[in-house]
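Quick look at model05.txt (compact mmCIF, C-alpha atoms and all ligand atoms):
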```
# COMPACT_ATOMS: atom_id res chain seq x y z
CA MET A 1 21.66 -52.55 121.76
CA MET A 2 24.98 -50.70 122.10
CA LEU A 3 26.02 -52.26 125.41
CA ASP A 4 24.71 -55.46 126.97
CA ILE A 5 26.13 -56.59 130.31
CA GLN A 6 24.83 -59.89 131.67
CA ASN A 7 25.49 -61.07 135.22
CA ILE A 8 29.09 -59.95 135.57
CA GLU A 9 31.20 -60.83 138.58
CA THR A 10 34.42 -58.89 138.99
CA TRP A 11 37.13 -59.40 141.58
CA TYR A 12 40.16 -57.50 142.83
CA GLY A 13 42.41 -60.40 143.86
CA GLU A 14 40.51 -62.19 146.63
CA THR A 15 37.91 -59.40 146.99
CA GLN A 16 34.70 -59.68 145.00
CA ALA A 17 33.41 -56.25 143.89
CA LEU A 18 30.56 -57.11 141.48
CA PHE A 19 28.02 -59.84 142.24
CA GLY A 20 26.14 -60.55 139.03
CA ALA A 21 25.44 -57.05 137.68
CA SER A 22 23.37 -56.70 134.49
CA LEU A 23 22.88 -53.48 132.55
CA ASN A 24 22.09 -52.48 128.98
CA ILE A 25 22.16 -49.33 126.87
CA ALA A 26 20.45 -48.80 123.53
CA GLU A 27 21.92 -46.76 120.68
CA GLY A 28 21.68 -43.05 121.55
CA GLU A 29 20.49 -43.76 125.07
CA VAL A 30 21.85 -41.93 128.11
CA VAL A 31 21.98 -44.13 131.20
CA ALA A 32 23.04 -43.07 134.68
CA LEU A 33 24.69 -45.43 137.14
CA LEU A 34 24.16 -44.12 140.67
CA GLY A 35 24.86 -45.38 144.15
CA PRO A 36 26.91 -44.82 147.29
CA ASN A 37 30.70 -44.87 147.61
CA GLY A 38 32.13 -48.35 147.14
CA ALA A 39 28.98 -49.63 145.37
CA GLY A 40 30.93 -50.88 142.33
CA LYS A 41 30.24 -48.11 139.82
CA THR A 42 33.85 -47.52 138.76
CA THR A 43 34.43 -51.29 138.77
CA THR A 44 31.55 -51.67 136.29
CA LEU A 45 33.24 -49.16 133.96
CA ARG A 46 36.62 -50.89 134.46
CA SER A 47 35.00 -54.22 133.56
CA ILE A 48 33.52 -52.79 130.34
CA LEU A 49 36.96 -51.42 129.42
CA GLY A 50 38.73 -54.69 130.19
CA LEU A 51 40.86 -52.99 132.87
CA SER A 52 39.32 -55.26 135.54
CA PRO A 53 37.90 -58.05 133.39
CA ALA A 54 34.77 -59.84 134.57
CA ARG A 55 35.46 -63.38 135.81
CA ARG A 56 31.91 -64.47 135.11
CA GLY A 57 29.11 -63.16 132.90
CA THR A 58 29.30 -61.48 129.50
CA ILE A 59 29.73 -57.99 128.07
CA ALA A 60 28.78 -57.19 124.47
CA PHE A 61 29.47 -53.86 122.76
CA ASP A 62 27.99 -52.99 119.37
CA GLY A 63 26.91 -56.61 118.91
CA LYS A 64 30.32 -58.14 119.66
CA ASP A 65 31.44 -60.01 122.76
CA ILE A 66 34.19 -58.01 124.53
CA THR A 67 34.20 -59.86 127.86
CA SER A 68 37.82 -61.04 127.57
CA THR A 69 39.04 -58.51 125.02
CA ALA A 70 42.15 -56.37 125.55
CA THR A 71 41.52 -52.76 126.57
CA HIS A 72 43.12 -51.20 123.47
CA VAL A 73 40.93 -53.36 121.21
CA ILE A 74 37.83 -52.26 123.15
CA ALA A 75 38.89 -48.61 122.83
CA ASN A 76 39.54 -49.02 119.10
CA ALA A 77 36.06 -50.55 118.69
CA GLY A 78 34.58 -47.24 119.94
CA VAL A 79 34.30 -47.25 123.73
CA GLY A 80 35.38 -43.85 125.06
CA TRP A 81 36.34 -43.21 128.68
CA VAL A 82 36.39 -40.08 130.81
CA PRO A 83 38.07 -41.39 133.99
CA ASP A 84 37.36 -39.97 137.44
CA ASP A 85 41.04 -38.94 137.80
CA ARG A 86 41.20 -37.51 134.23
CA ARG A 87 44.49 -39.30 133.34
CA ILE A 88 45.93 -36.47 131.29
CA PHE A 89 49.68 -36.61 130.47
CA PRO A 90 50.85 -33.66 132.64
CA THR A 91 54.11 -32.84 130.86
CA LEU A 92 52.49 -32.70 127.42
CA LYS A 93 50.63 -29.78 125.90
CA VAL A 94 46.84 -29.80 125.64
CA LYS A 95 47.01 -30.19 121.85
CA THR A 96 49.34 -33.21 122.20
CA ASN A 97 47.03 -34.87 124.74
CA LEU A 98 44.15 -34.35 122.32
CA ALA A 99 46.14 -35.63 119.34
CA LEU A 100 46.92 -38.83 121.28
CA GLY A 101 43.19 -39.51 121.67
CA LYS A 102 42.39 -39.28 117.95
CA LYS A 103 41.29 -42.39 116.14
CA LYS A 104 38.81 -43.59 113.56
CA THR A 105 36.01 -46.04 114.32
CA ARG A 106 32.77 -46.89 112.56
CA PHE A 107 31.12 -44.09 114.58
CA ARG A 108 30.92 -40.34 114.03
CA SER A 109 34.23 -38.49 114.19
CA TRP A 110 34.62 -35.12 115.90
CA SER A 111 36.89 -32.20 115.04
CA GLU A 112 38.84 -29.93 117.35
CA SER A 113 36.70 -26.97 116.27
CA GLU A 114 33.62 -28.84 117.47
CA MET A 115 35.35 -29.22 120.85
CA PHE A 116 35.93 -25.44 120.90
CA GLU A 117 32.20 -24.94 120.29
CA ILE A 118 31.40 -27.11 123.32
CA PHE A 119 34.16 -25.76 125.59
CA SER A 120 34.91 -22.19 124.50
CA ALA A 121 37.95 -21.94 126.82
CA LEU A 122 39.69 -24.93 125.24
CA GLU A 123 40.86 -23.10 122.11
CA TYR A 124 43.02 -20.79 124.23
CA LEU A 125 44.57 -23.67 126.19
CA MET A 126 45.92 -25.68 123.26
CA ASP A 127 49.58 -24.62 123.75
CA ARG A 128 49.55 -24.91 127.54
CA ASP A 129 51.28 -27.72 129.45
CA CYS A 130 48.62 -29.85 131.12
CA GLU A 131 50.26 -29.89 134.57
CA ASN A 132 49.25 -26.25 135.10
CA LEU A 133 45.60 -26.65 134.17
CA SER A 134 42.79 -26.22 136.68
CA GLY A 135 40.53 -29.18 137.48
CA GLY A 136 37.80 -27.87 135.20
CA GLU A 137 40.23 -27.26 132.35
CA MET A 138 41.58 -30.81 132.73
CA GLN A 139 38.06 -32.17 132.55
CA MET A 140 37.49 -30.29 129.27
CA VAL A 141 40.65 -31.94 127.90
CA ALA A 142 39.60 -35.39 129.17
CA ILE A 143 36.14 -35.15 127.59
CA SER A 144 37.48 -33.71 124.31
CA ARG A 145 40.11 -36.46 124.12
CA ALA A 146 37.37 -39.08 124.53
CA LEU A 147 35.22 -37.54 121.78
CA LEU A 148 38.15 -37.18 119.36
CA GLY A 149 38.44 -40.98 119.61
CA SER A 150 35.12 -41.30 117.70
CA PRO A 151 33.25 -43.29 120.35
CA GLY A 152 29.91 -45.05 119.95
CA LEU A 153 29.63 -45.26 123.73
CA VAL A 154 31.17 -42.86 126.23
CA LEU A 155 31.72 -43.88 129.86
CA PHE A 156 31.83 -40.86 132.18
CA ASP A 157 33.06 -41.46 135.74
CA GLU A 158 31.84 -38.62 137.99
CA PRO A 159 32.33 -35.94 135.31
CA SER A 160 30.99 -33.04 137.37
CA GLN A 161 33.13 -33.75 140.44
CA GLY A 162 34.85 -30.58 141.64
CA LEU A 163 33.64 -28.43 138.75
CA ALA A 164 32.14 -24.94 138.77
CA PRO A 165 28.40 -24.78 137.93
CA LYS A 166 29.09 -23.38 134.43
CA VAL A 167 31.40 -26.30 133.56
CA VAL A 168 28.92 -28.80 135.06
CA GLN A 169 26.33 -27.30 132.69
CA ASP A 170 28.73 -27.66 129.74
CA VAL A 171 29.33 -31.31 130.68
CA MET A 172 25.60 -32.03 130.90
CA LYS A 173 25.02 -30.22 127.58
CA THR A 174 27.75 -32.35 126.03
CA ILE A 175 25.96 -35.50 127.20
CA THR A 176 22.70 -34.26 125.64
CA ARG A 177 24.59 -33.43 122.43
CA LEU A 178 26.02 -36.96 122.29
CA LYS A 179 22.53 -38.38 122.69
CA ASN A 180 21.24 -36.20 119.85
CA GLU A 181 24.06 -37.53 117.64
CA GLY A 182 22.98 -41.13 118.38
CA ILE A 183 25.92 -41.85 120.68
CA SER A 184 25.28 -43.87 123.83
CA VAL A 185 26.36 -42.63 127.25
CA LEU A 186 26.88 -44.32 130.60
CA VAL A 187 27.40 -41.71 133.30
CA VAL A 188 28.39 -42.38 136.91
CA GLU A 189 27.44 -39.37 139.04
CA GLN A 190 27.27 -38.33 142.68
CA ASN A 191 25.43 -35.23 141.49
CA ALA A 192 22.31 -37.38 140.97
CA MET A 193 19.86 -34.56 140.23
CA SER A 194 21.99 -33.20 137.35
CA ALA A 195 22.36 -36.71 135.99
CA LEU A 196 18.62 -37.45 136.25
CA GLU A 197 17.85 -34.34 134.22
CA VAL A 198 19.88 -35.49 131.20
CA CYS A 199 19.47 -39.26 131.30
CA ASP A 200 16.77 -41.58 129.98
CA ARG A 201 17.19 -44.46 132.39
CA VAL A 202 18.85 -45.09 135.72
CA TYR A 203 20.49 -48.01 137.46
CA VAL A 204 21.18 -47.80 141.17
CA MET A 205 23.94 -49.99 142.52
CA ASP A 206 24.81 -51.02 146.07
CA HIS A 207 27.34 -53.53 147.38
CA GLY A 208 28.17 -54.75 143.89
CA ARG A 209 24.56 -55.41 142.88
CA ILE A 210 21.99 -53.51 140.80
CA VAL A 211 19.24 -52.67 143.31
CA HIS A 212 17.01 -50.55 141.05
CA GLU A 213 16.42 -50.04 137.35
CA GLY A 214 13.93 -47.58 135.90
CA GLY A 215 13.13 -44.39 134.00
CA ALA A 216 14.80 -41.13 135.04
CA ALA A 217 11.47 -39.29 134.97
CA GLN A 218 10.07 -41.72 137.52
CA LEU A 219 12.89 -40.98 139.98
CA LEU A 220 12.61 -37.22 139.37
CA GLU A 221 8.90 -37.33 140.22
CA ASP A 222 8.86 -39.89 143.02
CA GLU A 223 10.52 -38.20 145.97
CA ALA A 224 9.89 -41.10 148.36
CA LEU A 225 11.57 -43.60 146.02
CA ARG A 226 14.44 -41.16 145.43
CA LYS A 227 14.98 -40.73 149.17
CA GLN A 228 14.91 -44.48 149.66
CA LEU A 229 17.36 -45.23 146.85
CA LEU A 230 19.60 -42.17 146.80
CA GLY A 231 18.94 -40.32 150.02
CA ILE A 232 18.03 -37.07 148.22
N1 LIG A 301 42.14 -51.85 143.25
C1 LIG A 301 41.31 -52.36 144.17
N2 LIG A 301 41.70 -53.35 145.00
C2 LIG A 301 40.85 -53.89 145.91
N3 LIG A 301 39.58 -53.51 146.07
C3 LIG A 301 39.13 -52.51 145.28
C4 LIG A 301 39.96 -51.89 144.29
N4 LIG A 301 39.24 -50.94 143.67
C5 LIG A 301 38.01 -50.97 144.24
N5 LIG A 301 37.96 -51.92 145.20
C6 LIG A 301 36.77 -52.25 146.03
O1 LIG A 301 35.70 -52.62 145.18
C7 LIG A 301 34.47 -52.08 145.64
C8 LIG A 301 33.83 -51.21 144.58
O2 LIG A 301 34.66 -50.08 144.35
P1 LIG A 301 34.35 -49.01 143.22
O3 LIG A 301 35.55 -48.14 143.08
O4 LIG A 301 33.86 -49.70 142.01
O5 LIG A 301 33.15 -48.18 143.88
P2 LIG A 301 32.41 -46.87 143.36
O6 LIG A 301 30.96 -47.20 143.33
O7 LIG A 301 33.04 -46.38 142.12
O8 LIG A 301 32.67 -45.87 144.59
P3 LIG A 301 32.97 -44.28 144.61
O9 LIG A 301 31.63 -43.61 144.53
O10 LIG A 301 33.61 -44.07 145.94
O11 LIG A 301 33.87 -43.96 143.47
C9 LIG A 301 34.81 -51.31 146.93
O12 LIG A 301 34.53 -52.14 148.02
C10 LIG A 301 36.30 -51.05 146.80
O13 LIG A 301 36.90 -50.97 148.07
MG MG A 302 34.05 -44.65 141.61
```
Represent the supplied structure as structure tokens.
Ligand SMILES: Nc1ncnc2c1ncn2[C@@H]1O[C@H](COP(=O)(O)OP(=O)(O)OP(=O)(O)O)[C@@H](O)[C@H]1O
Ligand SMILES: [Mg+2]
Amino acid sequence: MMLDIQNIETWYGETQALFGASLNIAEGEVVALLGPNGAGKTTTLRSILGLSPARRGTIAFDGKDITSTATHVIANAGVGWVPDDRRIFPTLKVKTNLALGKKKTRFRSWSESEMFEIFSALEYLMDRDCENLSGGEMQMVAISRALLGSPGLVLFDEPSQGLAPKVVQDVMKTITRLKNEGISVLVVEQNAMSALEVCDRVYVMDHGRIVHEGGAAQLLEDEALRKQLLGI
């Protein structure tokens, strides 16, 4: 098991956002976390990363308890993050942003040339300042930065949001590539059909609770269940 979340409750001040959510991901498994706005998807990722630590319940990564661990320690252990708002340093060049993400973990390391194979445009952006990049270009930088950190688990928060179809395809191909390399993925997506096509299993969340857990193939085939859970 790469990630094992048991019954977490997470709060923002006086507001409870997660009410006993449980979720697990095996090594090399791609899991989608779906659900409506405000369901608690980003909060789940923030809890894993220690940015909004769970008040109750436990989170284990790679066999170690990380429930109350500092974010930088969790990152150094091999949890990669592609945030919904990208979080690129705007006044730094692309190559500097990428260099800042580099680290060694016990997991596979990636080279810049491998990033250029995945995102062919990236090579020509290396000397550009990040503030002038398009949304799609920033997403390429955010994903590459996460991979250069040698993750064993990558958390993607709405990676296809606002991207052209070609870049969405590149993102989904990257997720499949990670799976083939034995790296685990947790992907939060509004674009549920794209996510279902690349993932093994799905959790659906609503109002801070997991309301469905099952195989992706089942949701792809069962239109009635899909309509009921996702409205599509
Ligand atoms: N910083 C915060 N302070 C207070 N409440 C917050 C904060 N961030 C999120 N919340 C609340 O926690 C709940 C879960 O929010 P979260 O961002 O995890 O949802 P989400 O599933 O990621 O939604 P979306 O699809 O819109 O991104 C919501 O009710 C939200 O209003
Ligand atoms: Mg969110």
- Item | Counting only C-alpha atoms and all ligand atoms, the residue of A:Ala17, A:Ile183, A:Leu229, A:Ile118 that sits nearest ligand LIG 301 (chain A) | A:Ala17
- Item | Cut-off 6 Å, only C-alpha atoms and all ligand atoms, neighbours of ligand LIG 301 (chain A) as a ChimeraX atom specification | /A:12,17,36-43
- Task: Name all residues at most 10 Å from Asn132 in chain A (count all atoms listed in the file; drop same-chain ones fewer than 6 positions away) and give them as a VMD selection string.
- Result: chain A and resid 90 to 91 93 138
- Smallest atom-to-atom distance to Ser150 in chain A: which of A:Gly50, A:Pro165, A:Gly80, A:Gly35, using only C-alpha atoms? A:Gly80
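From CA of Ala142 in chain A back to CA of Asp200 in chain A, the distance works out to 23.7 Å.
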- Which one of A:Ile143, A:Val185, A:Leu34, A:Ile66 sits closest to ligand MG 302 (chain A) if you count all atoms listed in the file?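 With all atoms listed in the file as the atom set, the closest residue is A:Leu34.
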- For Ser194 in chain A, the closest of A:Asp222, A:Glu29, A:Asp206, A:Glu158 counting only C-alpha atoms is A:Glu158
- Between CA of Tyr124 in chain A and CA of Lys95 in chain A, measure the distance and give it in Å to one decimal. 10.5 Å
- Long-range neighbours of Ala54 in chain A as a list in words, 9 Å cut-off, only C-alpha atoms, 2 positions minimum in chain: Ile8, Glu9, Thr10, Trp11, Leu18, Thr44, Ser47, Ile48, Gly50, Ser52, Arg56, Gly57, Thr58, Ile59, Thr67 and Ser68 of chain A
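Minimum atom-to-atom distances from A:Gln218, A:Gln190, A:Ser184, A:Thr105 to ligand MG 302 (chain A) were compared using all atoms listed in the file, and the lowest value belongs to A:Gln190.
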- In Å and to one decimal, CA of Lys173 in chain A is distant from CA of Val198 in chain A by 8.2 Å
- Point out the residue among A:Met140, A:Met2, A:Leu186, A:Ala192 with the least atom-to-atom distance to Lys227 in chain A, counting all atoms listed in the file.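 Nearest to Lys227 in chain A: A:Ala192.
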- Task: Identify the residues within 12 Å of coordinate (19.1, -58.0, 138.6) (same frame as the file), considering all atoms listed in the file, and give the answer as a list in words.
- Result: Ile5, Gln6, Asn7, Ile8, Leu18, Phe19, Gly20, Ala21, Ser22, Leu23, Asn24, Tyr203, Val204, Met205, Asp206, Gly208, Arg209, Ile210, Val211, His212, Glu213 and Gly214 of chain A
Restricted to C-alpha atoms, what would the selected residues look like written as an mmCIF file, in the coordinates of the input?
```cif
data_model
loop_
_atom_site.group_PDB
_atom_site.id
_atom_site.type_symbol
_atom_site.label_atom_id
_atom_site.label_comp_id
_atom_site.auth_asym_id
_atom_site.auth_seq_id
_atom_site.Cartn_x
_atom_site.Cartn_y
_atom_site.Cartn_z
ATOM 1 C CA ILE A 5 26.130 -56.590 130.310
ATOM 2 C CA GLN A 6 24.830 -59.890 131.670
ATOM 3 C CA ASN A 7 25.490 -61.070 135.220
ATOM 4 C CA ILE A 8 29.090 -59.950 135.570
ATOM 5 C CA LEU A 18 30.560 -57.110 141.480
ATOM 6 C CA PHE A 19 28.020 -59.840 142.240
ATOM 7 C CA GLY A 20 26.140 -60.550 139.030
ATOM 8 C CA ALA A 21 25.440 -57.050 137.680
ATOM 9 C CA SER A 22 23.370 -56.700 134.490
ATOM 10 C CA LEU A 23 22.880 -53.480 132.550
ATOM 11 C CA ASN A 24 22.090 -52.480 128.980
ATOM 12 C CA TYR A 203 20.490 -48.010 137.460
ATOM 13 C CA VAL A 204 21.180 -47.800 141.170
ATOM 14 C CA MET A 205 23.940 -49.990 142.520
ATOM 15 C CA ASP A 206 24.810 -51.020 146.070
ATOM 16 C CA GLY A 208 28.170 -54.750 143.890
ATOM 17 C CA ARG A 209 24.560 -55.410 142.880
ATOM 18 C CA ILE A 210 21.990 -53.510 140.800
ATOM 19 C CA VAL A 211 19.240 -52.670 143.310
ATOM 20 C CA HIS A 212 17.010 -50.550 141.050
ATOM 21 C CA GLU A 213 16.420 -50.040 137.350
ATOM 22 C CA GLY A 214 13.930 -47.580 135.900
#
```
- Close residues, Val171 in chain A itself excluded, 12 Å, only C-alpha atoms, min 3 positions apart in chain, as a ChimeraX atom specification: /A:82,115,118-119,136-137,139-144,156-161,163-168,174-178,187,189,194-195,198
- Task: For Arg106 in chain A, please output as a ChimeraX atom specification all residues within 8 Å (counting all atoms listed in the file; exclusion window: fewer than 2 positions along the same chain).
- Result: /A:77-78,104,108,150
- For Arg145 in chain A: contacts at 8 Å, all atoms listed in the file, fewer than 3 positions along chain excluded, given as a VMD selection string: chain A and resid 97 to 102 141 to 142 148 to 149
